[in-house]
Every structure is written in structure tokens, then in C-alpha cells.
>>> print(open('structure12.cif').read())   # mmCIF, C-alpha atoms and all ligand atoms
data_work
loop_
_atom_site.label_atom_id
_atom_site.label_comp_id
_atom_site.auth_asym_id
_atom_site.auth_seq_id
_atom_site.Cartn_x
_atom_site.Cartn_y
_atom_site.Cartn_z
CA MET A 165 265.87 89.19 109.32
CA THR A 166 266.53 85.42 109.34
CA ALA A 167 268.70 83.93 106.59
CA PRO A 168 266.82 82.38 103.67
CA VAL A 169 266.43 78.60 103.69
CA LEU A 170 266.78 78.72 99.92
CA ARG A 171 268.32 81.36 97.71
CA VAL A 172 267.96 80.94 93.95
CA LYS A 173 270.32 83.33 92.15
CA ASP A 174 270.23 84.01 88.42
CA LEU A 175 269.30 80.37 87.69
CA ARG A 176 269.57 79.30 84.04
CA VAL A 177 268.44 75.90 82.77
CA HIS A 178 268.74 75.28 79.05
CA PHE A 179 267.64 72.35 76.91
CA PHE A 180 269.93 71.46 74.03
CA LEU A 181 267.59 69.97 71.44
CA ASP A 182 268.44 68.90 67.90
CA GLU A 183 266.01 71.60 66.74
CA GLY A 184 267.68 74.37 68.76
CA LEU A 185 268.20 75.82 72.23
CA VAL A 186 265.32 76.19 74.72
CA ARG A 187 266.01 78.60 77.57
CA ALA A 188 263.50 76.98 79.91
CA VAL A 189 264.69 79.00 82.94
CA ASP A 190 266.56 82.14 82.08
CA GLY A 191 267.88 84.21 84.96
CA VAL A 192 265.44 83.47 87.79
CA SER A 193 266.18 84.71 91.33
CA PHE A 194 264.15 84.50 94.54
CA ASP A 195 264.60 83.76 98.26
CA VAL A 196 262.57 81.50 100.53
CA ARG A 197 262.72 82.32 104.23
CA PRO A 198 261.95 79.95 107.13
CA GLY A 199 258.17 79.51 107.46
CA GLN A 200 257.51 81.40 104.21
CA VAL A 201 255.39 80.07 101.34
CA VAL A 202 256.68 81.25 97.97
CA GLY A 203 254.27 80.64 95.10
CA ILE A 204 255.64 80.23 91.57
CA VAL A 205 252.87 80.82 89.07
CA GLY A 206 252.44 81.00 85.31
CA GLU A 207 250.87 79.24 82.36
CA SER A 208 252.09 75.82 81.18
CA GLY A 209 255.56 76.04 79.69
CA CYS A 210 256.60 79.10 81.69
CA GLY A 211 259.46 77.25 83.42
CA LYS A 212 258.04 76.73 86.91
CA SER A 213 258.37 72.93 86.90
CA VAL A 214 261.89 73.11 85.47
CA THR A 215 262.77 75.52 88.31
CA MET A 216 261.43 72.94 90.78
CA LYS A 217 263.47 70.16 89.11
CA ALA A 218 266.58 72.32 89.21
CA ILE A 219 266.18 72.85 92.97
CA LEU A 220 265.92 69.08 93.42
CA GLN A 221 268.71 68.54 90.87
CA ILE A 222 266.58 66.21 88.78
CA VAL A 223 266.71 68.05 85.44
CA GLU A 224 266.91 65.38 82.76
CA PRO A 225 269.06 65.55 79.61
CA PRO A 226 269.10 67.27 77.21
CA GLY A 227 268.40 69.86 79.92
CA ARG A 228 271.26 71.24 82.00
CA ILE A 229 271.80 73.95 84.59
CA VAL A 230 274.09 76.33 82.74
CA GLY A 231 274.32 79.17 85.22
CA GLY A 232 273.40 80.59 88.59
CA GLN A 233 273.34 79.24 92.12
CA ILE A 234 270.86 77.36 94.30
CA LEU A 235 271.99 78.03 97.85
CA PHE A 236 270.38 75.80 100.47
CA GLN A 237 270.94 76.74 104.11
CA LYS A 238 272.33 73.61 105.70
CA ASP A 239 272.99 73.89 109.45
CA SER A 240 275.08 77.07 109.64
CA ALA A 241 276.40 77.44 106.10
CA PRO A 242 274.69 77.59 102.69
CA VAL A 243 275.48 74.82 100.19
CA ASP A 244 275.27 75.47 96.43
CA LEU A 245 273.20 72.51 95.22
CA THR A 246 274.34 73.10 91.63
CA ARG A 247 277.87 72.16 92.72
CA LEU A 248 276.88 68.76 94.13
CA SER A 249 276.93 65.58 92.09
CA PRO A 250 273.31 64.71 91.20
CA LYS A 251 273.90 61.09 92.23
CA GLY A 252 276.27 61.81 95.13
CA ALA A 253 275.67 60.97 98.79
CA GLU A 254 275.54 64.62 99.92
CA LEU A 255 272.72 65.53 97.57
CA ARG A 256 270.85 62.28 98.29
CA ALA A 257 271.03 63.09 102.00
CA ILE A 258 269.57 66.56 101.40
CA ARG A 259 266.88 65.39 99.00
CA GLY A 260 264.12 63.61 100.84
CA ALA A 261 265.34 64.55 104.30
CA GLU A 262 265.93 68.31 104.20
CA ILE A 263 264.12 69.14 100.98
CA ALA A 264 261.00 67.06 100.35
CA LEU A 265 258.69 66.97 97.35
CA ILE A 266 254.90 66.69 97.26
CA PRO A 267 254.28 65.74 93.63
CA GLN A 268 251.21 66.37 91.54
CA GLU A 269 250.39 62.67 91.21
CA PRO A 270 251.39 60.62 94.27
CA MET A 271 250.33 57.39 92.52
CA ALA A 272 253.53 57.62 90.48
CA ALA A 273 255.64 58.47 93.55
CA PHE A 274 254.60 55.48 95.70
CA SER A 275 255.71 52.00 94.75
CA PRO A 276 252.64 49.84 94.02
CA VAL A 277 254.26 46.69 95.45
CA HIS A 278 254.89 47.97 98.99
CA SER A 279 252.34 49.41 101.40
CA VAL A 280 252.46 53.21 101.79
CA GLY A 281 253.26 52.78 105.49
CA GLU A 282 256.19 50.50 104.67
CA GLN A 283 257.65 53.17 102.37
CA ILE A 284 257.38 55.84 105.05
CA ILE A 285 258.92 53.52 107.65
CA GLU A 286 261.86 52.96 105.26
CA ALA A 287 262.26 56.71 104.70
CA LEU A 288 262.21 57.36 108.45
CA ARG A 289 264.92 54.77 109.07
CA LEU A 290 267.01 55.79 106.05
CA HIS A 291 267.21 59.45 107.03
CA GLU A 292 267.03 58.92 110.78
CA ARG A 293 270.50 60.29 111.55
CA GLN A 294 269.59 63.61 109.96
CA TRP A 295 266.60 64.34 112.15
CA ARG A 296 267.90 62.41 115.18
CA PRO A 297 271.70 62.69 115.16
CA SER A 298 272.24 60.61 118.32
CA GLY A 299 270.58 57.88 120.34
CA PRO A 300 269.78 54.24 119.54
CA ARG A 301 268.71 53.23 116.02
CA LEU A 302 265.01 53.52 115.32
CA SER A 303 263.29 50.12 115.55
CA ARG A 304 260.65 49.06 113.03
CA THR A 305 258.04 49.14 115.81
CA GLU A 306 258.94 52.74 116.69
CA ALA A 307 259.00 53.76 113.02
CA ARG A 308 255.60 52.18 112.46
CA SER A 309 254.17 53.98 115.48
CA MET A 310 255.60 57.28 114.17
CA THR A 311 254.03 56.60 110.78
CA VAL A 312 250.63 56.03 112.40
CA ASP A 313 251.06 59.37 114.22
CA LEU A 314 251.99 61.07 110.94
CA PHE A 315 248.90 59.61 109.26
CA ARG A 316 246.78 60.92 112.13
CA SER A 317 248.40 64.39 111.89
CA VAL A 318 247.53 64.67 108.19
CA GLY A 319 243.92 63.69 108.84
CA ILE A 320 243.91 60.07 107.65
CA SER A 321 241.15 58.26 109.53
CA MET A 322 241.80 54.70 110.80
CA PRO A 323 245.58 55.31 110.55
CA ASP A 324 246.44 51.93 112.10
CA ALA A 325 244.74 50.08 109.28
CA ARG A 326 245.70 52.43 106.45
CA VAL A 327 249.41 52.15 107.20
CA ASP A 328 249.16 48.69 105.61
CA ALA A 329 247.25 49.85 102.52
CA TYR A 330 248.82 49.99 99.06
CA SER A 331 248.69 53.28 97.17
CA TRP A 332 246.22 51.85 94.63
CA GLN A 333 243.81 51.00 97.46
CA LEU A 334 243.53 54.66 98.56
CA SER A 335 241.41 57.45 97.08
CA GLY A 336 243.21 60.40 95.40
CA GLY A 337 242.76 62.58 98.50
CA LEU A 338 244.05 59.90 100.89
CA ARG A 339 247.02 59.21 98.62
CA GLN A 340 247.92 62.89 98.63
CA ARG A 341 247.60 62.99 102.45
CA ALA A 342 249.87 59.92 102.68
CA MET A 343 252.34 61.68 100.35
CA ILE A 344 252.31 64.73 102.64
CA ALA A 345 252.95 62.40 105.61
CA MET A 346 255.89 60.91 103.68
CA ALA A 347 257.25 64.38 102.84
CA LEU A 348 256.98 65.49 106.48
CA SER A 349 258.40 62.26 107.93
CA CYS A 350 261.98 63.55 108.01
CA ARG A 351 261.05 67.05 109.19
CA PRO A 352 262.35 68.88 106.09
CA ARG A 353 263.31 72.55 106.19
CA LEU A 354 261.87 73.02 102.74
CA LEU A 355 258.85 71.45 101.05
CA ILE A 356 258.35 71.72 97.33
CA ALA A 357 254.69 71.30 96.42
CA ASP A 358 254.35 70.76 92.66
CA GLU A 359 250.71 71.37 91.69
CA PRO A 360 249.73 69.12 94.64
CA THR A 361 245.99 69.58 94.21
CA THR A 362 245.64 69.57 90.42
CA ALA A 363 244.73 65.89 90.13
CA ILE A 364 242.04 65.85 92.86
CA ASP A 365 238.45 67.04 93.11
CA VAL A 366 237.66 70.54 94.31
CA THR A 367 236.40 69.60 97.81
CA THR A 368 239.42 67.44 98.55
CA GLN A 369 241.59 70.20 97.07
CA ALA A 370 240.31 72.65 99.69
CA GLN A 371 240.97 70.11 102.47
CA ILE A 372 244.54 69.46 101.27
CA LEU A 373 245.29 73.21 101.02
CA ASN A 374 243.94 73.74 104.56
CA LEU A 375 246.07 70.85 105.77
CA LEU A 376 249.24 72.23 104.14
CA ARG A 377 248.59 75.70 105.56
CA ASP A 378 248.00 74.26 109.01
CA LEU A 379 251.17 72.12 108.87
CA GLN A 380 253.22 75.05 107.60
CA ARG A 381 252.03 77.20 110.52
CA ARG A 382 252.55 74.48 113.12
CA HIS A 383 256.01 73.38 111.97
CA GLY A 384 257.25 76.62 110.40
CA THR A 385 258.28 74.71 107.26
CA ALA A 386 259.23 76.80 104.23
CA ILE A 387 257.28 75.86 101.09
CA VAL A 388 257.83 76.51 97.39
CA PHE A 389 254.34 76.12 95.93
CA ILE A 390 254.17 75.60 92.18
CA THR A 391 250.84 76.09 90.45
CA HIS A 392 249.12 77.58 87.40
CA ASP A 393 246.19 78.55 89.68
CA LEU A 394 246.30 82.10 91.08
CA GLY A 395 243.34 81.28 93.36
CA VAL A 396 245.51 78.69 95.11
CA ILE A 397 248.39 81.18 95.31
CA ALA A 398 246.09 83.74 96.97
CA GLN A 399 245.21 81.22 99.68
CA MET A 400 248.67 79.80 100.25
CA ALA A 401 251.52 82.15 99.41
CA HIS A 402 253.24 84.97 101.26
CA TYR A 403 255.39 85.89 98.29
CA VAL A 404 254.72 85.33 94.57
CA VAL A 405 256.99 84.83 91.57
CA VAL A 406 255.18 85.23 88.21
CA MET A 407 257.01 83.47 85.35
CA TYR A 408 256.59 83.62 81.58
CA LEU A 409 258.74 81.82 78.99
CA GLY A 410 261.45 81.07 81.52
CA ARG A 411 261.77 84.60 82.88
CA VAL A 412 260.40 86.37 85.96
CA MET A 413 257.81 88.95 84.91
CA GLU A 414 256.98 90.16 88.42
CA GLN A 415 257.62 89.15 92.00
CA GLY A 416 256.57 90.50 95.36
CA PRO A 417 254.46 90.03 98.51
CA VAL A 418 251.11 88.38 97.76
CA GLU A 419 249.05 91.44 98.82
CA GLN A 420 250.88 93.67 96.35
CA ILE A 421 250.74 91.17 93.49
CA PHE A 422 246.96 90.83 93.96
CA HIS A 423 246.06 94.43 94.87
CA ALA A 424 248.69 96.44 93.00
CA PRO A 425 249.95 94.26 90.12
CA LYS A 426 252.31 96.17 87.88
CA HIS A 427 253.22 93.85 85.02
CA PRO A 428 250.69 93.53 82.17
CA TYR A 429 251.06 89.72 82.29
CA THR A 430 250.23 89.60 86.01
CA ARG A 431 247.22 91.86 85.40
CA ALA A 432 246.04 89.60 82.56
CA LEU A 433 246.44 86.49 84.71
CA LEU A 434 244.42 88.09 87.51
CA LYS A 435 241.65 89.12 85.11
CA SER A 436 241.33 85.55 83.88
CA ILE A 437 240.55 84.08 87.33
CA PRO A 438 236.99 82.67 87.06
CA SER A 439 234.49 84.22 89.48
CA VAL A 440 231.33 82.58 90.83
CA ASN A 441 229.55 85.96 90.44
CA VAL A 442 229.54 86.06 86.62
CA ALA A 443 226.23 85.62 84.81
CA PRO A 444 225.61 82.16 83.32
CA ARG A 445 227.00 81.57 79.83
CA THR A 446 229.28 84.64 80.07
CA LEU A 447 232.57 84.29 78.22
CA LEU A 448 235.47 84.40 80.66
CA PRO A 449 238.29 86.86 79.94
CA THR A 450 241.40 85.17 78.56
CA ILE A 451 244.89 86.38 77.70
CA ALA A 452 245.10 87.30 74.02
CA GLY A 453 247.07 84.91 71.81
CA SER A 454 248.97 81.92 73.08
CA ILE A 455 252.37 81.19 74.54
CA PRO A 456 254.94 81.04 71.73
CA HIS A 457 256.71 77.72 71.16
CA PRO A 458 259.78 77.66 73.44
CA LEU A 459 262.01 77.31 70.37
CA GLY A 460 260.54 80.48 68.93
CA ARG A 461 260.84 82.90 71.83
CA PRO A 462 260.19 86.38 70.47
CA ARG A 463 262.91 88.97 70.34
CA GLY A 464 262.63 91.71 72.97
CA CYS A 465 260.19 91.40 75.87
CA PRO A 466 258.92 87.78 75.76
CA PHE A 467 255.36 88.96 76.45
CA HIS A 468 255.23 91.69 73.78
CA PRO A 469 253.19 89.76 71.12
CA ARG A 470 250.35 89.40 73.67
CA CYS A 471 250.78 92.60 75.64
CA PRO A 472 248.06 95.29 75.36
CA ASP A 473 250.58 97.94 76.48
CA ALA A 474 253.43 96.99 74.14
CA MET A 475 255.33 100.02 72.82
CA PRO A 476 256.31 99.69 69.16
CA GLY A 477 260.03 99.90 68.55
CA VAL A 478 260.79 99.41 72.26
CA CYS A 479 259.27 96.21 73.59
CA SER A 480 259.99 94.17 70.45
CA GLU A 481 263.65 95.18 70.40
CA ARG A 482 265.05 94.98 73.91
CA VAL A 483 264.56 92.73 76.95
CA PRO A 484 263.42 94.66 80.04
CA ALA A 485 265.43 94.17 83.22
CA LEU A 486 263.74 93.23 86.50
CA GLY A 487 263.57 96.42 88.55
CA PRO A 488 261.79 97.82 91.62
CA VAL A 489 258.16 98.90 91.21
CA GLY A 490 257.05 98.95 94.86
CA PRO A 491 258.13 97.91 98.35
CA ASP A 492 259.89 94.55 97.85
CA GLN A 493 258.13 94.30 94.45
CA LEU A 494 259.97 93.87 91.14
CA ALA A 495 258.75 93.80 87.54
CA SER A 496 260.46 93.43 84.20
CA CYS A 497 258.62 95.93 82.04
CA PHE A 498 259.56 99.06 80.09
CA LEU A 499 256.46 100.83 81.43
CA TYR A 500 258.52 101.37 84.58
CA HIS A 501 262.16 101.16 83.50
CA GLN A 502 262.56 102.41 79.93
CA ASP A 503 266.32 102.61 80.26
CA GLU A 504 266.95 99.25 81.89
CA ALA A 505 267.42 96.52 79.32
CA ILE A 506 269.48 93.36 79.56
CA GLU A 507 271.40 91.38 76.97
CA PRO A 508 268.90 89.21 75.01
FE1 LIG B 601 254.28 94.92 77.69
FE2 LIG B 601 256.45 96.23 76.88
FE3 LIG B 601 256.05 95.80 79.46
FE4 LIG B 601 256.71 93.79 77.84
S1 LIG B 601 257.96 95.56 78.33
S2 LIG B 601 255.15 93.77 79.40
S3 LIG B 601 255.62 94.35 76.02
S4 LIG B 601 254.79 97.06 78.12
#
>>> encode(input="structure12.cif", output="C-alpha cells")
Amino acid sequence: MTAPVLRVKDLRVHFFLDEGLVRAVDGVSFDVRPGQVVGIVGESGCGKSVTMKAILQIVEPPGRIVGGQILFQKDSAPVDLTRLSPKGAELRAIRGAEIALIPQEPMAAFSPVHSVGEQIIEALRLHERQWRPSGPRLSRTEARSMTVDLFRSVGISMPDARVDAYSWQLSGGLRQRAMIAMALSCRPRLLIADEPTTAIDVTTQAQILNLLRDLQRRHGTAIVFITHDLGVIAQMAHYVVVMYLGRVMEQGPVEQIFHAPKHPYTRALLKSIPSVNVAPRTLLPTIAGSIPHPLGRPRGCPFHPRCPDAMPGVCSERVPALGPVGPDQLASCFLYHQDEAIEP
């Protein structure tokens, strides 16, 4: 089996607030292999975006990575990104060139005072030595021509003209396509897609997902796909990590997560996917209760106040360890591993 492009091991990111400690990510581990799409899913506040920021080393104070490793496979040897200076040259060279981000709202990612094409041309020239180690420097004319090709490859019509457009002149769908072109410009090994279709309409959403899937197949790029939407995960991911209150509840291949979910939280999430077949005005199933405030994480299993299967005296007292529940499938639940608890 090929080595993972990214290996997240026992990652812990804590926020040190005046009001107390928030364990936003608390012992998360997963691998991303070349060409694999790993979906990280969960309700708001489950820690998926903080995990993404930790990979990119852009966690802001009072947050801090307090434990674990983020091993990125660089050429022949893995580099622990948590050991690199967040503002240092080595991390800057990796970020943007080898690991690229497709953000939820590209409007905020593009500068409004330069054309989108100009920004991609700059990125191409800045990171040129990483994707083209030798040969003459890339001229502006060549970089512009490559940008037009990138626009064409992500389905932007009239690419010659749109290279000169400003981000605020483009529709939401075109802006997201331009952002994908920007992310792909340096041929990254790993793409992080952070809710990339949340801010756009449903038709454009389907087009963008098809585009990402097509690009992933053609280029074999590994993707970490962050979303609250299990429907999107079903379409995109090969492997799924289900998070709740900073911890992994379940992880495994997408077929098993959807057809043989083991954790009560995963089952509840799946039940709450809206279906077009329900009768009009039918109440949709929801997960009982709400996510506790991060400062008030419950003792024991974090899901126990909302869990229909909670066992009194067990689930409220100890934290279940993540253990095997199927082929390549793990869950942290006492229904399967009564004797395996971890330190709270
Ligand atoms: Fe529910 Fe207990 Fe399993 Fe937590 S450990 S998910 S409370 S059954």
C-alpha cells in the first residue's frame, strides 16, 4: 500500500480562554492516501474546521496545538508540520504549493483590487520552483497562458476574458471555479476543501462537486473534504471521519459508514438526512437535544446526553476508546468495547 500523503496522529488543539479550556480537537487520528478523498463530517462546533486549520498551521490564539503530529509526505520523507514555524519559509513553501485550500467563501480569499487571473499568475510564479525545479523562469506571458488553460479545465467559459475579471465581477459559482483553478495551479499533493459548496446554490453546488471529483480522478490529488452535509460526503468521500465535540466518534470506508454505521451519533446523523420522498409537511427527524457548549463538555462519553443507547453508570462516567468495529472501521462507543476507556 502506498504511503499516506498526510498522517494526522493523536492531534490535540486547545483554546485557552479566560472562561476556561476548550478542547476543540482532542486526540484525532486519520490518514489520507494519494488520490483518496477523506471526508470530515459533524455538526457545527465538532472540531472539523479547527482540524483543517491545524493542518494548514493557521490556528489563531488563544488556540494552540498542544499534542500530536501532522506528518506530510514531502518527496521521500514525512515532515511533521507541527514542528515548523508557522511563519517560516519551509511551511510557506508547503502551504499553497503542496497543500492548497479551497475555502468556503472565495470572495474573502481573493484580493478585490487585483484581477483573479493576476493572483493566479503570481501564485504560479511564486511557487514555480516547486512544480518545475529546473528550466528557465516562467514568463508572465507563459503564466497567463497557463492560467487561461486552468480556467478552461475548471469549466470557466470565455477564459481569455475572465482572467482579467475581479472577484466581485464573478458569480458565486465562477468565483469558486476560479478558486479551484488557483488551488490547482501549483499541482498540490493535497487539497483541503472547507465546505466549498455551502455558500452557493444547489445547481452550482452539484456542478462544483462533479468538477472536484473529475479533477481528483484525473490528477490523483488527495483531498480532505470538510462538510456538515452527509449527502456531499456520500458523493465525494472514500473514507469518512465523524467528529463530535472535538473527538472522533467513528471512522471508516464510506460504504461501511453509510450501510453499516455503528456509532449512535453516526446513525442519528444519517437518519437526519432530508429525503425528497417524504410526504409534504412531514417533520424531519433530528438529533435529540443540542451540542453542549464547548466549555461545558459532559463527563464520560461526549455524546451521552443525546444518545438513545446511553447506559446509565457507564457512558456518563468514562470516555470510550476508539476501537475496531468492522474491517478498517473504528468507533468510540461502549456498545462495542465496554472495557476500553481512556483518560478523560
Ligand atoms: Fe451512546 Fe454510550 Fe456509545 Fe456514548 S458510549 S455513544 S453514550 S452508547
>>> closest_residue(input="structure12.cif", among="A:Ala342, A:Leu314, A:Met475, A:Ala495", to="ligand LIG 601 (chain B)", atoms="all atoms listed in the file")
A:Met475
>>> residues_near_ligand(input="structure12.cif", ligand="ligand LIG 601 (chain B)", cutoff="12 Å", atoms="only C-alpha atoms and all ligand atoms", output="ChimeraX atom specification")
/A:408,411-414,425-432,462-487,495-506
>>> closest_residue(input="structure12.cif", among="A:Ala273, A:Ala287, A:Ala167, A:Met310", to="Lys238 in chain A", atoms="only C-alpha atoms")
A:Ala167
>>> residues_around(input="structure12.cif", residues="Pro242 in chain A", least_positions_apart="2", cutoff="12 Å", atoms="all atoms listed in the file", output="ChimeraX atom specification")
/A:167-172,233-240,244-247
>>> atom_distance(input="structure12.cif", atom1="CA of Met271 in chain A", atom2="CA of Leu334 in chain A")
9.5 Å
>>> atom_distance(input="structure12.cif", atom1="CA of Ile222 in chain A", atom2="CA of Leu338 in chain A")
26.3 Å
>>> closest_residue(input="structure12.cif", among="A:Ala257, A:Ile356, A:Val205, A:Leu375", to="Leu394 in chain A", atoms="all atoms listed in the file")
A:Val205
>>> atom_distance(input="structure12.cif", atom1="CA of Val418 in chain A", atom2="CA of His392 in chain A")
15.1 Å
>>> residues_around(input="structure12.cif", residues="Ser439 in chain A", least_positions_apart="3", cutoff="9 Å", atoms="only C-alpha atoms", output="ChimeraX atom specification")
/A:436,442,448
>>> closest_residue(input="structure12.cif", among="A:His457, A:Arg339, A:Arg259, A:Arg304", to="Arg351 in chain A", atoms="all atoms listed in the file")
A:Arg259
>>> residues_around(input="structure12.cif", residues="range 197-204 of chain A", least_positions_apart="4", cutoff="6 Å", atoms="only C-alpha atoms", output="mmCIF file with C-alpha atoms, keeping the file's coordinate frame")
data_model
loop_
_atom_site.group_PDB
_atom_site.id
_atom_site.type_symbol
_atom_site.label_atom_id
_atom_site.label_comp_id
_atom_site.auth_asym_id
_atom_site.auth_seq_id
_atom_site.Cartn_x
_atom_site.Cartn_y
_atom_site.Cartn_z
ATOM 1 C CA PRO A 168 266.820 82.380 103.670
ATOM 2 C CA VAL A 169 266.430 78.600 103.690
ATOM 3 C CA GLY A 384 257.250 76.620 110.400
ATOM 4 C CA THR A 385 258.280 74.710 107.260
ATOM 5 C CA ALA A 386 259.230 76.800 104.230
ATOM 6 C CA ILE A 387 257.280 75.860 101.090
ATOM 7 C CA VAL A 388 257.830 76.510 97.390
ATOM 8 C CA PHE A 389 254.340 76.120 95.930
ATOM 9 C CA ILE A 390 254.170 75.600 92.180
ATOM 10 C CA ILE A 397 248.390 81.180 95.310
ATOM 11 C CA ALA A 401 251.520 82.150 99.410
ATOM 12 C CA HIS A 402 253.240 84.970 101.260
ATOM 13 C CA TYR A 403 255.390 85.890 98.290
ATOM 14 C CA VAL A 404 254.720 85.330 94.570
ATOM 15 C CA VAL A 405 256.990 84.830 91.570
#
>>> closest_residue(input="structure12.cif", among="A:Arg308, A:Lys212, A:Arg382, A:Arg326", to="Glu286 in chain A", atoms="only C-alpha atoms")
A:Arg308
>>> residues_near_point(input="structure12.cif", point="(239.3, 66.7, 94.8)", cutoff="12 Å", atoms="all atoms listed in the file", output="count of residues only")
21
>>> residues_around(input="structure12.cif", residues="Gly227 in chain A", least_positions_apart="2", cutoff="8 Å", atoms="all atoms listed in the file", output="PDB file with C-alpha atoms, keeping the file's coordinate frame")
ATOM      1  CA  VAL A 177     268.440  75.900  82.770  1.00  0.00           C
ATOM      2  CA  HIS A 178     268.740  75.280  79.050  1.00  0.00           C
ATOM      3  CA  PHE A 179     267.640  72.350  76.910  1.00  0.00           C
ATOM      4  CA  PHE A 180     269.930  71.460  74.030  1.00  0.00           C
ATOM      5  CA  VAL A 223     266.710  68.050  85.440  1.00  0.00           C
ATOM      6  CA  GLU A 224     266.910  65.380  82.760  1.00  0.00           C
ATOM      7  CA  PRO A 225     269.060  65.550  79.610  1.00  0.00           C
ATOM      8  CA  ILE A 229     271.800  73.950  84.590  1.00  0.00           C
TER       9      ILE A 229
END
>>> residues_around(input="structure12.cif", residues="Gly260 in chain A", least_positions_apart="4", cutoff="8 Å", atoms="only C-alpha atoms", output="PyMOL selection string")
chain A and resi 256+264-265+347+350+352
>>> closest_residue(input="structure12.cif", among="A:Thr311, A:His291, A:Asp190, A:Val280", to="Ala253 in chain A", atoms="all atoms listed in the file")
A:His291
>>> build_atoms(input="structure12.cif", residues="range 200-216 of chain A", atoms="N, CA and C atoms", output="compact mmCIF listing (two decimals), keeping the file's coordinate frame")
# COMPACT_ATOMS: atom_id res chain seq x y z
N GLN A 200 258.14 80.62 105.29
CA GLN A 200 257.51 81.40 104.21
C GLN A 200 257.01 80.46 103.10
N VAL A 201 255.87 80.81 102.51
CA VAL A 201 255.39 80.07 101.34
C VAL A 201 255.60 80.97 100.13
N VAL A 202 256.44 80.50 99.21
CA VAL A 202 256.68 81.25 97.97
C VAL A 202 255.94 80.52 96.84
N GLY A 203 255.03 81.23 96.19
CA GLY A 203 254.27 80.64 95.10
C GLY A 203 254.92 80.98 93.77
N ILE A 204 255.14 79.97 92.93
CA ILE A 204 255.64 80.23 91.57
C ILE A 204 254.48 79.93 90.63
N VAL A 205 254.09 80.94 89.86
CA VAL A 205 252.87 80.82 89.07
C VAL A 205 253.12 81.23 87.62
N GLY A 206 252.34 80.66 86.74
CA GLY A 206 252.44 81.00 85.31
C GLY A 206 251.74 79.93 84.51
N GLU A 207 251.52 80.23 83.22
CA GLU A 207 250.87 79.24 82.36
C GLU A 207 251.81 78.06 82.11
N SER A 208 251.26 76.97 81.52
CA SER A 208 252.09 75.82 81.18
C SER A 208 253.23 76.26 80.28
N GLY A 209 254.41 75.71 80.54
CA GLY A 209 255.56 76.04 79.69
C GLY A 209 256.29 77.30 80.12
N CYS A 210 255.94 77.86 81.29
CA CYS A 210 256.60 79.10 81.69
C CYS A 210 257.93 78.83 82.42
N GLY A 211 258.18 77.58 82.79
CA GLY A 211 259.46 77.25 83.42
C GLY A 211 259.35 76.95 84.90
N LYS A 212 258.13 76.94 85.45
CA LYS A 212 258.04 76.73 86.91
C LYS A 212 258.43 75.31 87.32
N SER A 213 258.01 74.31 86.53
CA SER A 213 258.37 72.93 86.90
C SER A 213 259.86 72.66 86.70
N VAL A 214 260.45 73.29 85.68
CA VAL A 214 261.89 73.11 85.47
C VAL A 214 262.66 73.76 86.63
N THR A 215 262.15 74.89 87.14
CA THR A 215 262.77 75.52 88.31
C THR A 215 262.74 74.56 89.50
N MET A 216 261.58 73.91 89.69
CA MET A 216 261.43 72.94 90.78
C MET A 216 262.43 71.79 90.60
